[in-house]
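Chemist: Pasting model_31.txt here (compact mmCIF, C-alpha atoms):
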```txt
# COMPACT_ATOMS: atom_id res chain seq x y z
CA MET A 1 1.31 5.80 13.05
CA THR A 2 4.00 6.98 15.40
CA VAL A 3 7.77 7.42 15.25
CA LEU A 4 9.43 6.16 18.43
CA ILE A 5 12.63 7.94 19.42
CA LEU A 6 14.70 6.28 22.11
CA THR A 7 16.84 8.96 23.69
CA SER A 8 17.43 11.04 26.79
CA GLU A 9 15.50 14.21 27.53
CA GLU A 10 18.60 16.42 27.34
CA ASP A 11 19.41 15.30 23.78
CA VAL A 12 18.90 18.53 21.84
CA THR A 13 20.12 16.93 18.63
CA ALA A 14 17.05 14.70 18.83
CA ASP A 15 15.03 17.90 19.33
CA MET A 16 16.02 18.92 15.80
CA VAL A 17 14.29 15.82 14.40
CA VAL A 18 11.31 16.03 16.77
CA SER A 19 10.78 19.59 15.59
CA ARG A 20 10.83 18.47 11.93
CA LEU A 21 8.33 15.70 12.66
CA HIS A 22 6.04 18.18 14.43
CA GLU A 23 6.18 20.42 11.35
CA THR A 24 4.95 17.59 9.15
CA GLY A 25 2.31 16.45 11.61
CA ILE A 26 3.78 12.99 12.14
CA PRO A 27 3.09 11.62 15.62
CA VAL A 28 6.18 11.02 17.70
CA MET A 29 6.91 9.46 21.07
CA ARG A 30 10.18 10.20 22.78
CA LEU A 31 11.14 7.68 25.41
CA ASP A 32 14.26 7.08 27.45
CA PRO A 33 14.58 3.39 28.39
CA ALA A 34 16.16 4.67 31.61
CA ASP A 35 12.68 5.85 32.63
CA LEU A 36 11.23 2.33 32.39
CA PRO A 37 9.86 1.24 34.86
CA GLY A 38 8.65 4.40 36.54
CA LYS A 39 7.85 7.43 34.45
CA ALA A 40 7.35 5.16 31.43
CA VAL A 41 5.00 2.18 31.33
CA LEU A 42 5.10 -0.85 29.03
CA SER A 43 2.48 -3.53 28.48
CA ALA A 44 2.62 -6.07 25.68
CA GLU A 45 0.55 -9.22 25.44
CA TYR A 46 1.36 -12.11 23.17
CA ALA A 47 -1.90 -13.40 21.74
CA HIS A 48 -3.08 -14.68 18.38
CA GLY A 49 0.50 -14.99 17.15
CA ASP A 50 1.55 -11.41 17.71
CA PHE A 51 2.29 -8.84 20.37
CA ASP A 52 -0.25 -6.19 21.10
CA GLY A 53 0.22 -3.54 23.68
CA HIS A 54 1.38 -0.03 24.36
CA LEU A 55 4.10 2.21 25.67
CA SER A 56 3.31 5.38 27.55
CA VAL A 57 5.33 8.24 29.00
CA ASN A 58 4.49 11.78 30.06
CA GLY A 59 0.89 11.39 28.89
CA HIS A 60 1.87 10.13 25.42
CA VAL A 61 0.70 6.66 24.40
CA LEU A 62 2.02 4.48 21.60
CA SER A 63 0.20 1.39 20.39
CA MET A 64 2.57 -1.34 19.21
CA ARG A 65 0.38 -1.78 16.14
CA GLY A 66 0.80 1.89 15.36
CA LEU A 67 4.58 1.88 15.36
CA ARG A 68 5.92 3.61 12.24
CA SER A 69 9.67 3.44 12.91
CA VAL A 70 12.22 3.41 15.73
CA TRP A 71 15.19 5.76 15.99
CA VAL A 72 17.75 4.52 18.50
CA ARG A 73 19.42 7.82 19.20
CA ARG A 74 20.97 8.20 22.69
CA PRO A 75 18.96 5.88 24.92
CA GLY A 76 19.86 5.49 28.57
CA GLU A 77 20.30 2.04 30.04
CA PRO A 78 16.96 0.40 30.73
CA ALA A 79 15.84 1.02 34.33
CA ALA A 80 18.74 3.37 35.07
CA HIS A 81 16.34 5.88 36.65
CA ALA A 82 14.37 3.26 38.56
CA ALA A 83 13.87 3.68 42.31
CA HIS A 84 16.08 0.65 42.93
CA PRO A 85 18.27 0.14 39.86
CA SER A 86 20.29 -3.03 39.50
CA PRO A 87 21.97 -5.03 36.72
CA TRP A 88 19.16 -7.58 37.02
CA LEU A 89 16.46 -4.93 36.64
CA THR A 90 18.29 -3.50 33.63
CA ALA A 91 18.43 -6.94 32.02
CA GLU A 92 14.76 -7.65 32.73
CA THR A 93 13.64 -4.26 31.46
CA GLY A 94 15.80 -4.56 28.36
CA GLN A 95 14.23 -7.92 27.60
CA ALA A 96 10.73 -6.52 27.97
CA LEU A 97 11.29 -3.34 25.94
CA PHE A 98 13.61 -4.44 23.16
CA GLY A 99 12.17 -7.94 22.96
CA THR A 100 8.78 -6.45 22.27
CA LEU A 101 10.05 -3.80 19.85
CA HIS A 102 12.06 -6.37 17.91
CA SER A 103 8.82 -8.27 17.38
CA ALA A 104 7.06 -5.29 15.84
CA SER A 105 6.68 -4.63 12.13
CA THR A 106 8.76 -1.53 11.83
CA ARG A 107 11.92 -0.03 10.38
CA TRP A 108 14.93 0.79 12.52
CA MET A 109 17.57 3.47 12.49
CA ASN A 110 19.67 1.49 13.36
CA HIS A 111 18.64 -2.01 14.30
CA PRO A 112 20.34 -2.80 17.63
CA ARG A 113 21.78 -6.03 16.32
CA ASN A 114 23.54 -4.27 13.45
CA ALA A 115 24.47 -1.33 15.67
CA GLU A 116 26.24 -3.61 18.14
CA GLN A 117 28.39 -5.11 15.42
CA ALA A 118 29.00 -1.74 13.76
CA ARG A 119 30.51 -0.34 16.98
CA LEU A 120 33.42 -2.78 16.84
CA LYS A 121 36.43 -0.80 15.67
CA PRO A 122 38.48 -3.73 14.29
CA TRP A 123 35.44 -4.89 12.31
CA GLN A 124 34.96 -1.36 10.95
CA LEU A 125 38.44 -1.40 9.43
CA ARG A 126 37.82 -4.68 7.66
CA VAL A 127 34.48 -3.53 6.23
CA ALA A 128 36.05 -0.21 5.26
CA HIS A 129 38.72 -2.05 3.30
CA LEU A 130 36.11 -4.22 1.59
CA SER A 131 34.17 -1.07 0.72
CA GLY A 132 37.15 0.45 -1.05
CA PHE A 133 38.30 3.05 1.47
CA ALA A 134 41.94 3.86 2.17
CA VAL A 135 42.58 2.51 5.68
CA PRO A 136 45.73 3.34 7.70
CA PRO A 137 47.78 0.40 9.03
CA THR A 138 46.43 -0.42 12.49
CA VAL A 139 47.19 -2.84 15.29
CA PHE A 140 45.23 -3.95 18.34
CA THR A 141 47.47 -5.70 20.81
CA THR A 142 48.15 -6.64 24.40
CA ALA A 143 51.77 -7.52 23.53
CA PRO A 144 54.24 -4.70 24.35
CA ARG A 145 56.76 -6.06 21.84
CA VAL A 146 54.21 -5.94 19.00
CA ALA A 147 53.28 -2.38 19.91
CA GLN A 148 56.98 -1.44 19.91
CA GLN A 149 57.61 -3.07 16.54
CA PHE A 150 54.55 -1.45 14.98
CA THR A 151 55.66 1.97 16.17
CA GLU A 152 59.25 1.46 14.99
CA GLU A 153 57.95 0.43 11.57
CA HIS A 154 55.59 3.36 11.11
CA ARG A 155 57.50 5.91 13.23
CA SER A 156 54.60 8.28 13.61
CA VAL A 157 51.73 6.51 15.36
CA VAL A 158 48.60 7.49 17.25
CA VAL A 159 47.05 5.73 20.21
CA LYS A 160 43.31 5.94 20.66
CA SER A 161 40.52 4.23 22.49
CA ALA A 162 38.19 1.79 20.79
CA SER A 163 35.35 2.36 23.25
CA GLY A 164 35.73 6.01 24.26
CA PRO A 165 36.85 7.57 27.53
CA PRO A 166 36.28 5.82 30.88
CA ARG A 167 32.57 6.02 31.57
CA ASP A 168 32.92 6.09 35.33
CA ASP A 169 34.84 9.37 35.32
CA PRO A 170 33.14 12.22 33.42
CA ALA A 171 36.08 14.49 34.20
CA LEU A 172 38.39 12.58 31.86
CA ALA A 173 38.86 12.97 28.11
CA LEU A 174 40.79 10.53 25.98
CA PRO A 175 41.89 12.25 22.80
CA THR A 176 43.76 10.49 20.02
CA THR A 177 47.42 11.10 20.84
CA LEU A 178 50.63 10.98 18.81
CA ILE A 179 53.37 8.74 20.20
CA GLY A 180 56.84 7.71 19.05
CA PRO A 181 59.15 4.67 19.25
CA ASP A 182 60.71 5.92 22.49
CA THR A 183 57.41 5.32 24.30
CA ASP A 184 57.34 2.83 27.19
CA PHE A 185 54.96 0.12 25.96
CA SER A 186 55.07 -2.15 29.04
CA ALA A 187 51.53 -1.13 30.09
CA VAL A 188 50.16 -2.52 26.82
CA ALA A 189 50.08 -5.86 28.67
CA ALA A 190 47.48 -4.41 31.05
CA GLY A 191 44.90 -3.58 28.38
CA PRO A 192 44.44 -3.76 24.60
CA ALA A 193 46.05 -0.86 22.79
CA LEU A 194 44.78 0.49 19.47
CA LEU A 195 47.69 1.93 17.51
CA GLN A 196 47.37 3.41 14.05
CA ARG A 197 49.77 5.01 11.60
CA TYR A 198 49.38 8.77 11.90
CA ILE A 199 47.98 10.45 8.80
CA PRO A 200 49.28 14.02 8.54
CA LYS A 201 46.13 15.82 7.53
CA ARG A 202 45.12 19.11 6.09
CA ALA A 203 41.48 18.65 7.10
CA ASP A 204 39.02 16.54 9.05
CA ILE A 205 36.05 15.18 7.14
CA ARG A 206 32.72 14.20 8.72
CA LEU A 207 30.41 12.49 6.28
CA THR A 208 26.90 11.76 7.53
CA CYS A 209 24.92 9.12 5.68
CA VAL A 210 21.13 9.03 6.14
CA GLY A 211 19.58 6.28 4.07
CA ASP A 212 20.99 7.00 0.62
CA ARG A 213 21.65 10.70 1.26
CA LEU A 214 25.18 11.92 1.95
CA PHE A 215 26.23 15.08 3.77
CA ALA A 216 29.97 15.71 3.73
CA ALA A 217 31.58 18.45 5.79
CA ARG A 218 35.20 19.58 5.96
CA LYS A 219 37.14 21.41 8.66
CA THR A 220 40.64 22.63 7.99
CA ALA A 221 43.17 21.23 10.44
CA GLU A 222 45.93 23.13 12.16
CA PRO A 223 49.45 21.98 11.21
CA GLY A 224 50.28 18.91 13.28
CA GLN A 225 46.79 18.66 14.72
CA VAL A 226 45.94 15.09 15.76
CA ASP A 227 42.41 14.98 17.23
CA GLY A 228 40.09 17.57 15.71
CA ARG A 229 37.50 17.06 18.46
CA TYR A 230 39.68 18.76 21.03
CA GLY A 231 41.17 22.22 21.00
CA ASP A 232 39.55 25.24 19.45
CA THR A 233 40.79 26.57 16.13
CA GLU A 234 39.57 29.43 13.97
CA HIS A 235 38.27 26.95 11.43
CA THR A 236 34.66 25.82 11.16
CA TRP A 237 32.84 23.01 9.39
CA GLU A 238 31.95 23.71 5.77
CA ALA A 239 29.78 21.66 3.44
CA VAL A 240 31.71 19.96 0.63
CA PRO A 241 30.67 17.52 -2.08
CA ALA A 242 31.52 13.89 -1.47
CA PRO A 243 33.80 12.56 -4.23
CA GLU A 244 31.99 9.99 -6.36
CA ARG A 245 34.38 7.21 -5.36
CA ILE A 246 33.87 7.98 -1.67
CA GLY A 247 30.11 8.01 -2.16
CA LYS A 248 30.20 4.55 -3.70
CA SER A 249 32.30 3.24 -0.83
CA VAL A 250 29.96 4.77 1.75
CA HIS A 251 26.95 3.09 0.16
CA GLU A 252 28.83 -0.19 0.05
CA TYR A 253 29.82 0.13 3.70
CA VAL A 254 26.30 0.84 5.02
CA ALA A 255 24.91 -1.97 2.87
CA LEU A 256 27.45 -4.43 4.27
CA ALA A 257 26.82 -3.22 7.82
CA GLY A 258 23.03 -2.99 7.53
CA LEU A 259 22.96 0.64 8.69
CA ALA A 260 20.35 3.29 7.93
CA TYR A 261 22.44 6.01 9.58
CA ALA A 262 26.20 6.36 9.90
CA ALA A 263 28.68 9.15 10.55
CA PHE A 264 32.09 8.60 8.95
CA ASP A 265 35.31 10.28 10.03
CA PHE A 266 38.12 10.73 7.52
CA ALA A 267 41.49 12.44 7.55
CA GLU A 268 42.21 14.33 4.32
CA ASP A 269 45.92 14.17 3.58
CA GLU A 270 48.09 16.55 1.55
CA ASP A 271 47.24 14.67 -1.65
CA GLY A 272 43.53 15.01 -1.02
CA ILE A 273 43.02 11.35 -0.13
CA TRP A 274 40.28 10.71 2.43
CA TRP A 275 41.61 8.10 4.88
CA PHE A 276 38.96 6.13 6.75
CA LEU A 277 39.33 6.56 10.50
CA GLU A 278 36.04 5.26 11.86
CA CYS A 279 32.32 4.98 11.32
CA ASN A 280 30.02 5.91 14.18
CA GLN A 281 26.66 4.25 13.71
CA GLY A 282 25.06 6.74 16.10
CA GLY A 283 27.39 9.68 15.56
CA GLN A 284 26.41 13.23 16.39
CA PHE A 285 25.22 15.44 13.56
CA GLY A 286 23.86 18.47 15.39
CA PHE A 287 27.11 20.43 15.31
CA VAL A 288 27.52 19.79 11.58
CA GLU A 289 24.00 20.92 10.75
CA LEU A 290 24.30 24.02 12.92
CA GLU A 291 27.59 25.07 11.31
CA THR A 292 26.96 24.08 7.68
CA GLY A 293 23.20 24.37 7.35
CA GLN A 294 23.04 20.88 5.84
CA PRO A 295 19.50 19.52 6.33
CA ILE A 296 20.52 16.35 8.15
CA SER A 297 17.70 16.42 10.71
CA GLU A 298 15.22 16.78 7.87
CA ALA A 299 16.74 13.74 6.16
CA VAL A 300 16.48 11.72 9.38
CA ALA A 301 12.85 12.77 9.84
CA ARG A 302 12.07 11.85 6.22
CA TRP A 303 13.67 8.44 6.63
CA LEU A 304 11.63 7.75 9.76
CA SER A 305 8.36 8.89 8.19
CA PRO A 306 7.16 6.32 5.64
CA ARG A 307 4.27 4.17 6.77
CA LYS A 308 5.54 1.11 4.96
CA THR A 309 6.22 -1.77 7.30
CA ASP A 310 8.26 -4.84 6.66
CA ARG A 311 9.01 -7.63 9.08
CA ARG A 312 12.28 -8.32 7.35
CA VAL A 313 15.08 -6.50 9.11
CA THR A 314 17.95 -5.35 6.98
CA GLY A 315 20.83 -7.42 8.20
CA SER A 316 24.53 -7.05 8.13
CA HIS A 317 25.89 -8.77 5.05
CA TRP A 318 29.18 -9.41 6.66
CA MET B 319 49.25 -1.82 36.14
CA ARG B 320 47.32 0.96 34.45
CA PRO B 321 46.27 0.07 30.88
CA PHE B 322 48.51 1.76 28.31
CA THR B 323 45.75 3.76 26.64
CA LEU B 324 44.69 5.36 29.92
CA ASN B 325 48.11 6.99 30.13
CA TYR B 326 46.76 9.45 27.58
CA THR B 327 43.70 10.68 29.43
CA LEU B 328 43.41 14.38 30.07
CA PRO B 329 41.34 16.29 32.59
CA LYS B 330 38.26 17.68 30.95
CA GLY B 331 36.58 20.80 32.19
CA LEU B 332 33.12 19.86 33.34
CA PRO B 333 30.35 22.20 32.23
CA THR B 334 29.51 24.67 34.94
CA VAL B 335 26.84 26.53 33.02
CA VAL B 336 23.25 25.53 33.59
CA MET B 337 21.53 25.15 30.24
CA PRO B 338 18.83 27.80 29.84
CA TYR B 339 16.31 25.31 28.54
CA ARG B 340 14.16 22.58 30.01
CA PHE B 341 12.43 19.51 28.64
CA ASP B 342 8.80 20.14 27.77
CA THR B 343 7.02 16.82 28.31
CA SER B 344 4.05 17.88 26.19
CA ARG B 345 6.06 18.94 23.12
CA GLN B 346 8.76 16.33 23.78
CA LEU B 347 11.61 18.73 23.17
CA ASN B 348 13.64 21.28 25.10
CA VAL B 349 12.31 24.82 25.29
CA LEU B 350 13.73 28.20 26.24
CA PRO B 351 12.20 30.35 29.01
CA ASN B 352 10.20 32.21 26.32
CA GLY B 353 8.63 28.93 25.22
CA ARG B 354 10.48 28.69 21.92
CA PRO B 355 12.24 25.40 21.10
CA ALA B 356 15.91 25.41 22.12
CA VAL B 357 16.81 24.35 18.58
CA SER B 358 15.59 27.71 17.33
CA ASP B 359 18.60 29.34 18.99
CA ARG B 360 21.51 28.21 16.86
CA ASP B 361 24.07 30.39 18.63
CA LEU B 362 23.06 29.06 22.03
CA LEU B 363 23.42 25.43 20.96
CA LEU B 364 26.80 26.07 19.38
CA ALA B 365 27.98 27.83 22.53
CA ALA B 366 26.62 25.11 24.79
CA GLY B 367 28.43 22.38 22.87
CA THR B 368 25.65 19.91 23.51
CA THR B 369 25.50 18.82 19.89
CA THR B 370 29.22 18.28 19.38
CA SER B 371 30.95 15.01 18.71
CA THR B 372 32.24 14.79 22.29
CA ALA B 373 28.87 15.53 23.91
CA GLY B 374 27.64 12.43 25.69
CA SER B 375 30.89 10.57 25.20
CA GLN B 376 30.83 9.36 28.77
CA THR B 377 27.68 7.37 28.25
CA HIS B 378 27.78 6.71 24.52
CA PHE B 379 30.82 5.99 22.46
CA ASP B 380 29.07 6.79 19.20
CA ASP B 381 30.68 10.17 18.73
```
Could the structure of this file be written out as structure tokens, please?
Modeler:
Amino acid sequence: MTVLILTSEEDVTADMVVSRLHETGIPVMRLDPADLPGKAVLSAEYAHGDFDGHLSVNGHVLSMRGLRSVWVRRPGEPAAHAAHPSPWLTAETGQALFGTLHSASTRWMNHPRNAEQARLKPWQLRVAHLSGFAVPPTVFTTAPRVAQQFTEEHRSVVVKSASGPPRDDPALALPTTLIGPDTDFSAVAAGPALLQRYIPKRADIRLTCVGDRLFAARKTAEPGQVDGRYGDTEHTWEAVPAPERIGKSVHEYVALAGLAYAAFDFAEDEDGIWWFLECNQGGQFGFVELETGQPISEAVARWLSPRKTDRRVTGSHW
Amino acid sequence: MRPFTLNYTLPKGLPTVVMPYRFDTSRQLNVLPNGRPAVSDRDLLLAAGTTTSTAGSQTHFDD
């Protein structure tokens, strides 16, 4: 039975897991939905109450009946590499591929339905609160007056994007940025703003959850540092134990969200409290493993490996 | 009017270095010119930044 990894060819973090699966002799197919149709071929026939068919790419063939698990890692948009791409072709191809895969008896990391919900930043804060995390006061608003009042109340506030930098301009970054009450908030009316009370931190924490295994890593922050993803410092990621209380909250969060994999970001304040910032259901782990030596790729490969199939999909309990 | 959040974008240096590995369709992973998997070269991957939390942010917002 085969592990299906949906990701792009240039994804070297996925390579880390592919390499682990090769070591254990577990068959794997790596497919980028962007290559369908074209380099990849799909056929699935509904007969006798079930789908039977196959996927193939680069000489590798996967029978739908031999599907062990699916890892949705960094897939391209369906049909993005087609000779004549279009929104319609993307929709049709997505229906064919994901509609068929959703019908298969397999386990998902993560199921697309749960992943879609888990990406919603406002929802994340609510689930984080229910899970027992400390969550900074936050506002999402298109009202300039509300943004002004929030900033006057909390004084030190960060603005950040809920969906990442603009995707149509790869030359732009959008780091979390500290702002003050003297900011001109009039442009808030032109697009939702995500404002959050700034947590002065002594470290960034990245906690990667794979099934029930936790890998916490800590990186000391520079004084006044806001977004640890940008700007080089002399500090590196170091493995740290996850406090028991945090571990319980992480398990509660992934259970509520129906996630098999999640990467949590925390800010550690001067009192040692880990403040929940966000949970990335498909967050990167390669840089953490490379710097700390934590066996995250091995944990992912192990999670994907069992033969057990179950038609019931773990759902979000929210 | 430009959305408020976009007032805080910064120019990002685009990578100018060509990665010294290529995708091997048979092994289904990226390999170095000597045939070894790219993941065997930890220093190269760290220098390339292709496994960091901002890698792929333009197409995926799951950092």
Chemist: Provide the CA of Ser316 in chain A to CA of Val127 in chain A distance in Å, to one decimal place.
Modeler: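 Going from CA of Ser316 in chain A over to CA of Val127 in chain A, I get 10.7 Å.
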Chemist: At a cut-off of 8 Å, can you tabulate as CSV every residue of chain A near chain B together with its closest atom pair and the distance in Å to one decimal, using all atoms listed in the file and ordering rows by chain then number?
Modeler:
```
residue,atom,partner,partner_atom,distance
A:Glu9,CA,B:Phe341,CA,6.2
A:Glu10,CA,B:Phe341,CA,7.0
A:Asp11,CA,B:Thr368,CA,7.8
A:Val12,CA,B:Asn348,CA,6.8
A:Thr13,CA,B:Thr369,CA,5.8
A:Asp15,CA,B:Leu347,CA,5.2
A:Met16,CA,B:Val357,CA,6.2
A:Val18,CA,B:Leu347,CA,7.0
A:Ser19,CA,B:Leu347,CA,7.7
A:Met29,CA,B:Gln346,CA,7.6
A:Arg30,CA,B:Gln346,CA,6.4
A:Asn58,CA,B:Thr343,CA,5.9
A:Gly59,CA,B:Ser344,CA,7.7
A:Arg74,CA,B:His378,CA,7.2
A:Arg119,CA,B:Asp380,CA,7.6
A:Val159,CA,B:Thr323,CA,6.8
A:Lys160,CA,B:Thr323,CA,6.8
A:Ser161,CA,B:Thr323,CA,6.7
A:Ser163,CA,B:Phe379,CA,5.9
A:Gly164,CA,B:Phe379,CA,5.2
A:Pro165,CA,B:Gln376,CA,6.4
A:Pro166,CA,B:Gln376,CA,6.8
A:Arg167,CA,B:Gln376,CA,4.7
A:Asp168,CA,B:Gln376,CA,7.6
A:Asp169,CA,B:Gln376,CA,7.7
A:Pro170,CA,B:Gln376,CA,5.9
A:Ala171,CA,B:Lys330,CA,5.0
A:Leu172,CA,B:Pro329,CA,4.8
A:Ala173,CA,B:Leu328,CA,5.2
A:Leu174,CA,B:Thr327,CA,4.5
A:Pro175,CA,B:Thr327,CA,7.0
A:Thr177,CA,B:Tyr326,CA,7.0
A:Phe185,CA,B:Phe322,CA,7.1
A:Ser186,CA,B:Phe322,CA,7.7
A:Ala187,CA,B:Phe322,CA,4.5
A:Val188,CA,B:Phe322,CA,4.8
A:Ala189,CA,B:Pro321,CA,7.4
A:Ala190,CA,B:Pro321,CA,4.6
A:Gly191,CA,B:Pro321,CA,4.6
A:Pro192,CA,B:Pro321,CA,7.6
A:Ala193,CA,B:Thr323,CA,6.0
A:Leu194,CA,B:Thr323,CA,7.9
A:Arg229,CA,B:Ser371,CA,6.9
A:Asn280,CA,B:Asp380,CA,5.2
A:Gln281,CA,B:Asp380,CA,6.5
A:Gly282,CA,B:Asp380,CA,5.1
A:Gly283,CA,B:Asp381,CA,4.6
A:Gln284,CA,B:Ser371,CA,5.4
A:Phe285,CA,B:Thr369,CA,7.2
A:Gly286,CA,B:Thr369,CA,4.8
A:Phe287,CA,B:Thr370,CA,5.1
A:Leu290,CA,B:Arg360,CA,6.4
```
Chemist: Write to file, as an mmCIF file, in the coordinates of the input, the residues of the selection just made, with C-alpha atoms.
Modeler:
```cif
data_model
loop_
_atom_site.group_PDB
_atom_site.id
_atom_site.type_symbol
_atom_site.label_atom_id
_atom_site.label_comp_id
_atom_site.auth_asym_id
_atom_site.auth_seq_id
_atom_site.Cartn_x
_atom_site.Cartn_y
_atom_site.Cartn_z
ATOM 1 C CA GLU A 9 15.500 14.210 27.530
ATOM 2 C CA GLU A 10 18.600 16.420 27.340
ATOM 3 C CA ASP A 11 19.410 15.300 23.780
ATOM 4 C CA VAL A 12 18.900 18.530 21.840
ATOM 5 C CA THR A 13 20.120 16.930 18.630
ATOM 6 C CA ASP A 15 15.030 17.900 19.330
ATOM 7 C CA MET A 16 16.020 18.920 15.800
ATOM 8 C CA VAL A 18 11.310 16.030 16.770
ATOM 9 C CA SER A 19 10.780 19.590 15.590
ATOM 10 C CA MET A 29 6.910 9.460 21.070
ATOM 11 C CA ARG A 30 10.180 10.200 22.780
ATOM 12 C CA ASN A 58 4.490 11.780 30.060
ATOM 13 C CA GLY A 59 0.890 11.390 28.890
ATOM 14 C CA ARG A 74 20.970 8.200 22.690
ATOM 15 C CA ARG A 119 30.510 -0.340 16.980
ATOM 16 C CA VAL A 159 47.050 5.730 20.210
ATOM 17 C CA LYS A 160 43.310 5.940 20.660
ATOM 18 C CA SER A 161 40.520 4.230 22.490
ATOM 19 C CA SER A 163 35.350 2.360 23.250
ATOM 20 C CA GLY A 164 35.730 6.010 24.260
ATOM 21 C CA PRO A 165 36.850 7.570 27.530
ATOM 22 C CA PRO A 166 36.280 5.820 30.880
ATOM 23 C CA ARG A 167 32.570 6.020 31.570
ATOM 24 C CA ASP A 168 32.920 6.090 35.330
ATOM 25 C CA ASP A 169 34.840 9.370 35.320
ATOM 26 C CA PRO A 170 33.140 12.220 33.420
ATOM 27 C CA ALA A 171 36.080 14.490 34.200
ATOM 28 C CA LEU A 172 38.390 12.580 31.860
ATOM 29 C CA ALA A 173 38.860 12.970 28.110
ATOM 30 C CA LEU A 174 40.790 10.530 25.980
ATOM 31 C CA PRO A 175 41.890 12.250 22.800
ATOM 32 C CA THR A 177 47.420 11.100 20.840
ATOM 33 C CA PHE A 185 54.960 0.120 25.960
ATOM 34 C CA SER A 186 55.070 -2.150 29.040
ATOM 35 C CA ALA A 187 51.530 -1.130 30.090
ATOM 36 C CA VAL A 188 50.160 -2.520 26.820
ATOM 37 C CA ALA A 189 50.080 -5.860 28.670
ATOM 38 C CA ALA A 190 47.480 -4.410 31.050
ATOM 39 C CA GLY A 191 44.900 -3.580 28.380
ATOM 40 C CA PRO A 192 44.440 -3.760 24.600
ATOM 41 C CA ALA A 193 46.050 -0.860 22.790
ATOM 42 C CA LEU A 194 44.780 0.490 19.470
ATOM 43 C CA ARG A 229 37.500 17.060 18.460
ATOM 44 C CA ASN A 280 30.020 5.910 14.180
ATOM 45 C CA GLN A 281 26.660 4.250 13.710
ATOM 46 C CA GLY A 282 25.060 6.740 16.100
ATOM 47 C CA GLY A 283 27.390 9.680 15.560
ATOM 48 C CA GLN A 284 26.410 13.230 16.390
ATOM 49 C CA PHE A 285 25.220 15.440 13.560
ATOM 50 C CA GLY A 286 23.860 18.470 15.390
ATOM 51 C CA PHE A 287 27.110 20.430 15.310
ATOM 52 C CA LEU A 290 24.300 24.020 12.920
#
```
Chemist: Go ahead and compute the interatomic distance for CA of Ile205 in chain A and CA of Ser131 in chain A, in Å to one decimal.
Modeler: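 Distance reported for this atom pair: 17.6 Å.
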Chemist: Work out how far apart CA of Ala96 in chain A and CA of Ala14 in chain A are and give it in Å to one decimal.
Modeler: 24.0 Å
Chemist: Would you pick out the contacts of Leu4 in chain A at 9 Å or less, using only C-alpha atoms, so that residues sharing its chain but fewer than 6 positions from it are not included, and give the list as a ChimeraX atom specification?
Modeler: /A:27-31,62,67-72
